[in-house]
Structures are given as structure tokens and as C-alpha cells.
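Chemist: This is work-v3.cif, which holds mmCIF, C-alpha atoms:
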```cif
data_start
#
loop_
_atom_site.label_atom_id
_atom_site.label_comp_id
_atom_site.auth_asym_id
_atom_site.auth_seq_id
_atom_site.Cartn_x
_atom_site.Cartn_y
_atom_site.Cartn_z
CA MET A 645 -69.01 -42.68 21.55
CA HIS A 646 -65.66 -43.86 20.32
CA PRO A 647 -64.25 -41.64 17.53
CA TRP A 648 -62.98 -43.67 14.59
CA TYR A 649 -62.78 -41.50 11.46
CA ILE A 650 -63.40 -38.04 10.04
CA LYS A 651 -64.70 -37.37 6.53
CA GLN A 652 -65.46 -34.25 4.58
CA TYR A 653 -68.72 -34.01 2.66
CA ASN A 654 -70.47 -30.96 1.24
CA ASN A 655 -68.00 -28.51 2.81
CA ARG A 656 -68.55 -29.96 6.28
CA TRP A 657 -66.45 -32.33 8.37
CA PHE A 658 -68.09 -35.36 9.98
CA LEU A 659 -66.93 -37.55 12.82
CA MET A 660 -67.67 -41.24 12.42
CA ALA A 661 -67.91 -42.72 15.89
CA TYR A 662 -68.82 -46.10 17.29
CA ASP A 663 -71.80 -45.96 19.62
CA ALA A 664 -71.25 -48.92 21.96
CA GLU A 665 -74.72 -48.73 23.51
CA ALA A 666 -76.46 -48.94 20.13
CA ASP A 667 -73.71 -51.12 18.61
CA ARG A 668 -73.49 -49.01 15.46
CA ILE A 669 -71.47 -46.29 13.79
CA SER A 670 -73.02 -42.82 13.81
CA ASN A 671 -71.94 -39.62 12.12
CA TYR A 672 -71.73 -36.19 13.70
CA ALA A 673 -71.13 -32.86 11.98
CA LEU A 674 -68.08 -31.43 13.76
CA ASP A 675 -69.32 -27.85 13.48
CA ARG A 676 -72.52 -28.81 15.31
CA ILE A 677 -70.87 -30.40 18.33
CA GLN A 678 -71.35 -27.88 21.12
CA ASN A 679 -69.74 -29.80 23.96
CA PHE A 680 -68.67 -33.24 25.04
CA ASN A 681 -67.52 -35.06 28.13
CA VAL A 682 -64.63 -37.47 28.36
CA GLU A 683 -65.55 -40.47 30.47
CA GLU A 684 -62.36 -41.43 32.30
CA ASP A 685 -63.72 -44.77 33.50
CA VAL A 686 -64.79 -45.97 30.02
CA ALA A 687 -62.22 -47.87 27.99
CA TYR A 688 -61.81 -46.63 24.43
CA ILE A 689 -62.93 -49.17 21.82
CA PRO A 690 -60.60 -48.90 18.82
CA ASN A 691 -61.67 -49.66 15.27
CA LYS A 692 -60.51 -53.12 14.29
CA GLU A 693 -63.13 -54.04 11.71
CA VAL A 694 -64.23 -51.14 9.49
CA ASP A 695 -62.17 -50.22 6.43
CA PHE A 696 -63.12 -46.57 6.07
CA GLU A 697 -61.28 -46.34 2.74
CA HIS A 698 -64.17 -48.39 1.30
CA TYR A 699 -66.92 -47.85 3.88
CA PHE A 700 -68.61 -45.14 1.77
CA ASP A 701 -68.15 -46.82 -1.64
CA ASP A 702 -71.84 -47.66 -2.10
CA VAL A 703 -73.31 -44.38 -0.87
CA PHE A 704 -73.38 -40.73 -1.72
CA GLY A 705 -72.60 -38.61 1.33
CA VAL A 706 -71.81 -39.74 4.86
CA THR A 707 -74.95 -41.59 5.90
CA ILE A 708 -74.82 -45.35 5.73
CA PRO A 709 -78.32 -46.81 5.40
CA PRO A 710 -79.44 -49.91 7.28
CA SER A 711 -78.07 -53.20 5.96
CA ASP A 712 -81.42 -54.09 4.36
CA VAL A 713 -81.06 -51.13 1.95
CA LYS A 714 -79.42 -52.73 -1.05
CA LYS A 715 -77.42 -51.14 -3.83
CA ILE A 716 -79.47 -50.13 -6.87
CA ARG A 717 -78.55 -49.05 -10.40
CA VAL A 718 -80.11 -45.64 -10.93
CA LEU A 719 -80.61 -44.49 -14.53
CA LEU A 720 -80.53 -40.74 -14.93
CA GLN A 721 -81.30 -38.70 -18.03
CA PHE A 722 -79.86 -35.20 -17.95
CA SER A 723 -80.72 -32.17 -20.03
CA LYS A 724 -78.31 -31.41 -22.85
CA LYS A 725 -77.31 -28.30 -20.91
CA GLN A 726 -76.46 -30.16 -17.66
CA TYR A 727 -75.03 -33.35 -19.19
CA PRO A 728 -71.49 -32.05 -19.97
CA TYR A 729 -71.05 -30.90 -16.37
CA ILE A 730 -72.08 -34.29 -14.97
CA VAL A 731 -69.76 -36.10 -17.38
CA SER A 732 -66.81 -33.86 -16.48
CA LYS A 733 -67.48 -34.05 -12.73
CA PRO A 734 -69.14 -37.41 -11.97
CA LEU A 735 -71.76 -37.66 -9.25
CA HIS A 736 -70.26 -40.87 -7.88
CA HIS A 737 -67.28 -43.08 -8.65
CA SER A 738 -69.66 -45.74 -10.01
CA GLN A 739 -71.02 -43.41 -12.70
CA GLU A 740 -71.10 -44.96 -16.16
CA LEU A 741 -72.19 -43.73 -19.55
CA VAL A 742 -75.28 -45.56 -20.81
CA ASP A 743 -76.36 -43.50 -23.84
CA ALA A 744 -74.43 -40.35 -24.76
CA GLU A 745 -76.86 -39.31 -27.49
CA ASN A 746 -79.76 -39.25 -25.02
CA CYS A 747 -77.63 -38.00 -22.08
CA ILE A 748 -78.28 -41.10 -19.95
CA LEU A 749 -75.93 -42.11 -17.14
CA ALA A 750 -76.10 -44.73 -14.41
CA VAL A 751 -74.81 -44.85 -10.85
CA GLU A 752 -74.86 -47.79 -8.44
CA VAL A 753 -75.57 -46.69 -4.89
CA ARG A 754 -77.45 -47.59 -1.77
CA PRO A 755 -79.97 -44.74 -1.78
CA THR A 756 -79.69 -42.24 1.06
CA TYR A 757 -81.25 -38.91 1.97
CA GLU A 758 -78.15 -37.16 0.60
CA PHE A 759 -78.49 -38.92 -2.76
CA THR A 760 -82.19 -38.05 -3.00
CA GLN A 761 -81.39 -34.42 -2.21
CA LEU A 762 -78.68 -34.39 -4.88
CA ILE A 763 -81.09 -35.65 -7.53
CA LEU A 764 -83.75 -33.14 -6.48
CA SER A 765 -81.18 -30.32 -6.64
CA PHE A 766 -80.95 -30.71 -10.42
CA GLY A 767 -84.62 -29.77 -10.81
CA PHE A 768 -85.86 -30.09 -14.38
CA ASP A 769 -82.34 -30.88 -15.65
CA VAL A 770 -82.62 -34.55 -14.62
CA LYS A 771 -85.16 -37.32 -14.99
CA VAL A 772 -84.92 -40.57 -13.05
CA LEU A 773 -85.61 -43.39 -15.50
CA GLY A 774 -85.32 -46.24 -13.01
CA PRO A 775 -85.56 -48.25 -10.96
CA GLU A 776 -89.26 -47.62 -10.53
CA PRO A 777 -89.33 -47.47 -6.68
CA PHE A 778 -86.63 -44.77 -6.61
CA LYS A 779 -88.33 -42.92 -9.47
CA GLN A 780 -91.57 -42.95 -7.44
CA GLU A 781 -89.72 -41.66 -4.36
CA ILE A 782 -88.40 -38.70 -6.37
CA LEU A 783 -91.85 -38.09 -7.84
CA ALA A 784 -93.42 -38.11 -4.36
CA ASN A 785 -90.83 -35.55 -3.20
CA LEU A 786 -91.59 -33.34 -6.19
CA ARG A 787 -95.33 -33.54 -5.51
CA ARG A 788 -94.78 -32.53 -1.87
CA ASN A 789 -92.62 -29.65 -3.09
CA LEU A 790 -95.35 -28.46 -5.45
CA GLN A 791 -97.81 -28.42 -2.54
CA ASN A 792 -95.68 -25.64 -1.03
CA TYR A 793 -96.69 -23.49 -4.01
CA ASP A 794 -100.38 -24.36 -4.05
CA GLU A 795 -102.40 -21.14 -4.05
CA MET A 796 -104.57 -22.55 -1.29
CA GLN A 797 -101.52 -23.14 0.93
CA ILE A 798 -101.81 -20.72 3.83
CA ASP A 799 -100.14 -22.52 6.74
CA CYS A 800 -96.40 -22.78 7.27
CA THR A 801 -94.75 -25.70 5.52
CA ASP A 802 -93.93 -28.83 7.50
#
```
Could the structure of this file be written out as C-alpha cells, please?

Modeler:
Amino acid sequence: MHPWYIKQYNNRWFLMAYDAEADRISNYALDRIQNFNVEEDVAYIPNKEVDFEHYFDDVFGVTIPPSDVKKIRVLLQFSKKQYPYIVSKPLHHSQELVDAENCILAVEVRPTYEFTQLILSFGFDVKVLGPEPFKQEILANLRRNLQNYDEMQIDCTD
């Protein structure tokens, strides 16, 4: 691993490092690193290609999805109670007002686990209006969540 950048997200610091064997950038939570070894006979590979000032522009969080995951425009309808908070503290720099009367906003992101978790964290205060595949992903997550509360559920959750 060749450390290239650190970024804070969700009250945690992450190390962005180039993994030469996999030829990709990985992220590591600094507070979870328990030990490391410095390889004296391995030449450090410096960052000469990634502009980290814009590397995270299309995502929410620190995880960069594979290159085949394209940016989507997500339409979100918030409850009248939650809407003022989202307007005053945007979810993402791409956030735009679509319909103030109906509390509808849009963000343009490459969907990641962190973004899905953010949307789910709003519970009944948000409804994903589109695009349909992302809406279905959220719905599938909600259905799995409801299974945890099924009266017939006896086993531990997965």
C-alpha cells in the first residue's frame, strides 16, 4: 500500500492508499488499523494522477464504486418536517431544489453503500421518487429490514 490521501467522513478519518498489486485505490479507516509493516525494499509509488480535491465529487462518503457504476440523478421527496433541515444542510454539493411546495430535491451521485445508508437513515421522512432501479434497491432494503420484525422471526439476523 502506498498512502496518498486522508479524508474525514462521518467522524472517522480514512486513508486512501494505492494498492499496487490490485492496481487500485483502497480506503482504510485509520482507527481500525491495528498494525503495519514498512517494506524497506519496496519503492514508494507517489500519486501523480489522482486529483483528490475532485476524486469524491460524484459520491457520498469515501467509497468509490467501480467505473461501470454511473452517476444518477436521484429524486427525493422529504416530509415537511425534515425538508427544512435538508435544505439548510444539503446532503451533497450537487443537491438542487426541484419542487419546494412538494419538498422534492435532487442529487447527482454514483450510488454507494454510504449513500444508500444515508437514505435509509431518514426512515419515513424520505421517499425515493427515482430513478426506478435505485428506488427498488431502497425498497428491497426496507423489506429486508421489516423481516427483522416479523413475529415468526426467531433466529438471529444475518

Chemist: Draw an axis-aligned box tight on the listed atoms of segment 657-669 of chain A, then pad every side by 8 Å and write out centre and edge lengths in Å to one decimal as JSON.

Modeler:
```
{"center_x": -71.5, "center_y": -41.7, "center_z": 15.9, "size_x": 26.0, "size_y": 34.8, "size_z": 31.1}
```

Chemist: Considering all atoms listed in the file, state which residue in the set A:Asp743, A:Glu781, A:Glu758, A:Glu683 is at the smallest distance from Gly705 of chain A.

Modeler: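 Among the listed residues, A:Glu758 lies closest to Gly705 of chain A.
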
Chemist: Taking the point (-70.0, -38.2, -17.0) as given in the file, collect each protein or nucleic acid residue that comes within 10 Å of it, counting all atoms listed in the file, and present the set as number ranges by chain.

Modeler: A: 727-736, 739-742, 744, 747-750

Chemist: Starting from the shown file, work through the PyMOL selection byres ((chain A and resi 721) around 8) and note down what comes out as a PyMOL selection string.

Modeler: chain A and resi 719-720+722-723+746-749+770-773

Chemist: Would you mind listing what lies within 8 Å of Tyr672 of chain A as a PyMOL selection string, with all atoms listed in the file counted and same-chain residues fewer than 5 positions away left out?

Modeler: chain A and resi 658-661+677

Chemist: Set the distance at 9 Å and use all atoms listed in the file: which residues neighbour segment 782-786 of chain A once local chain neighbours fewer than 3 positions away are removed? I'd like the list as a PDB file with C-alpha atoms, keeping the file's coordinate frame.

Modeler:
```pdb
ATOM      1  CA  THR A 760     -82.190 -38.050  -3.000  1.00  0.00           C
ATOM      2  CA  ILE A 763     -81.090 -35.650  -7.530  1.00  0.00           C
ATOM      3  CA  LEU A 764     -83.750 -33.140  -6.480  1.00  0.00           C
ATOM      4  CA  VAL A 772     -84.920 -40.570 -13.050  1.00  0.00           C
ATOM      5  CA  PRO A 777     -89.330 -47.470  -6.680  1.00  0.00           C
ATOM      6  CA  PHE A 778     -86.630 -44.770  -6.610  1.00  0.00           C
ATOM      7  CA  LYS A 779     -88.330 -42.920  -9.470  1.00  0.00           C
ATOM      8  CA  ASN A 789     -92.620 -29.650  -3.090  1.00  0.00           C
ATOM      9  CA  LEU A 790     -95.350 -28.460  -5.450  1.00  0.00           C
ATOM     10  CA  GLN A 791     -97.810 -28.420  -2.540  1.00  0.00           C
TER      11      GLN A 791
END
```

Chemist: Using only C-alpha atoms, pick whichever of A:Tyr688, A:Glu665, A:Pro709, A:Asn792 has the shortest atom-to-atom distance to Pro755 of chain A.

Modeler: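 Among A:Tyr688, A:Glu665, A:Pro709, A:Asn792, it is A:Pro709 that comes nearest to Pro755 of chain A.
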
Chemist: What residues come out when you apply the PyMOL selection byres ((chain A and resi 690) around 9) to this file, written as a ChimeraX atom specification?

Modeler: /A:646-648,662,688-689,691-692

Chemist: Mind giving me the straight-line distance from atom CA of His737 of chain A to atom CA of Asn654 of chain A in Å, one decimal?

Modeler: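 Separation of atom CA of His737 of chain A and atom CA of Asn654 of chain A: 16.0 Å.
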
Chemist: Which is closer to Tyr699 of chain A than all the others in A:Tyr649, A:Phe766, A:Tyr757, A:Tyr793, using only C-alpha atoms?

Modeler: A:Tyr649

Chemist: Could you work out how far atom CA of Val753 of chain A lies from atom CA of Lys651 of chain A, giving the answer in Å with one decimal?

Modeler: 18.3 Å

Chemist: Counting only C-alpha atoms, which residue out of A:Arg788, A:Lys715, A:His698, A:Arg656 sits closest to Ala673 of chain A?

Modeler: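 Smallest separation from Ala673 of chain A among the options: A:Arg656.
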
Chemist: Report the distance between atom CA of Ile650 of chain A and atom CA of Phe680 of chain A in Å, rounded to one decimal place.

Modeler: 16.6 Å

Chemist: Using only C-alpha atoms, which of the listed residues (A:Arg754, A:Ser670, A:Trp657, A:Phe759) sits closest to Asp712 of chain A?

Modeler: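 Smallest distance to Asp712 of chain A is found for A:Arg754.
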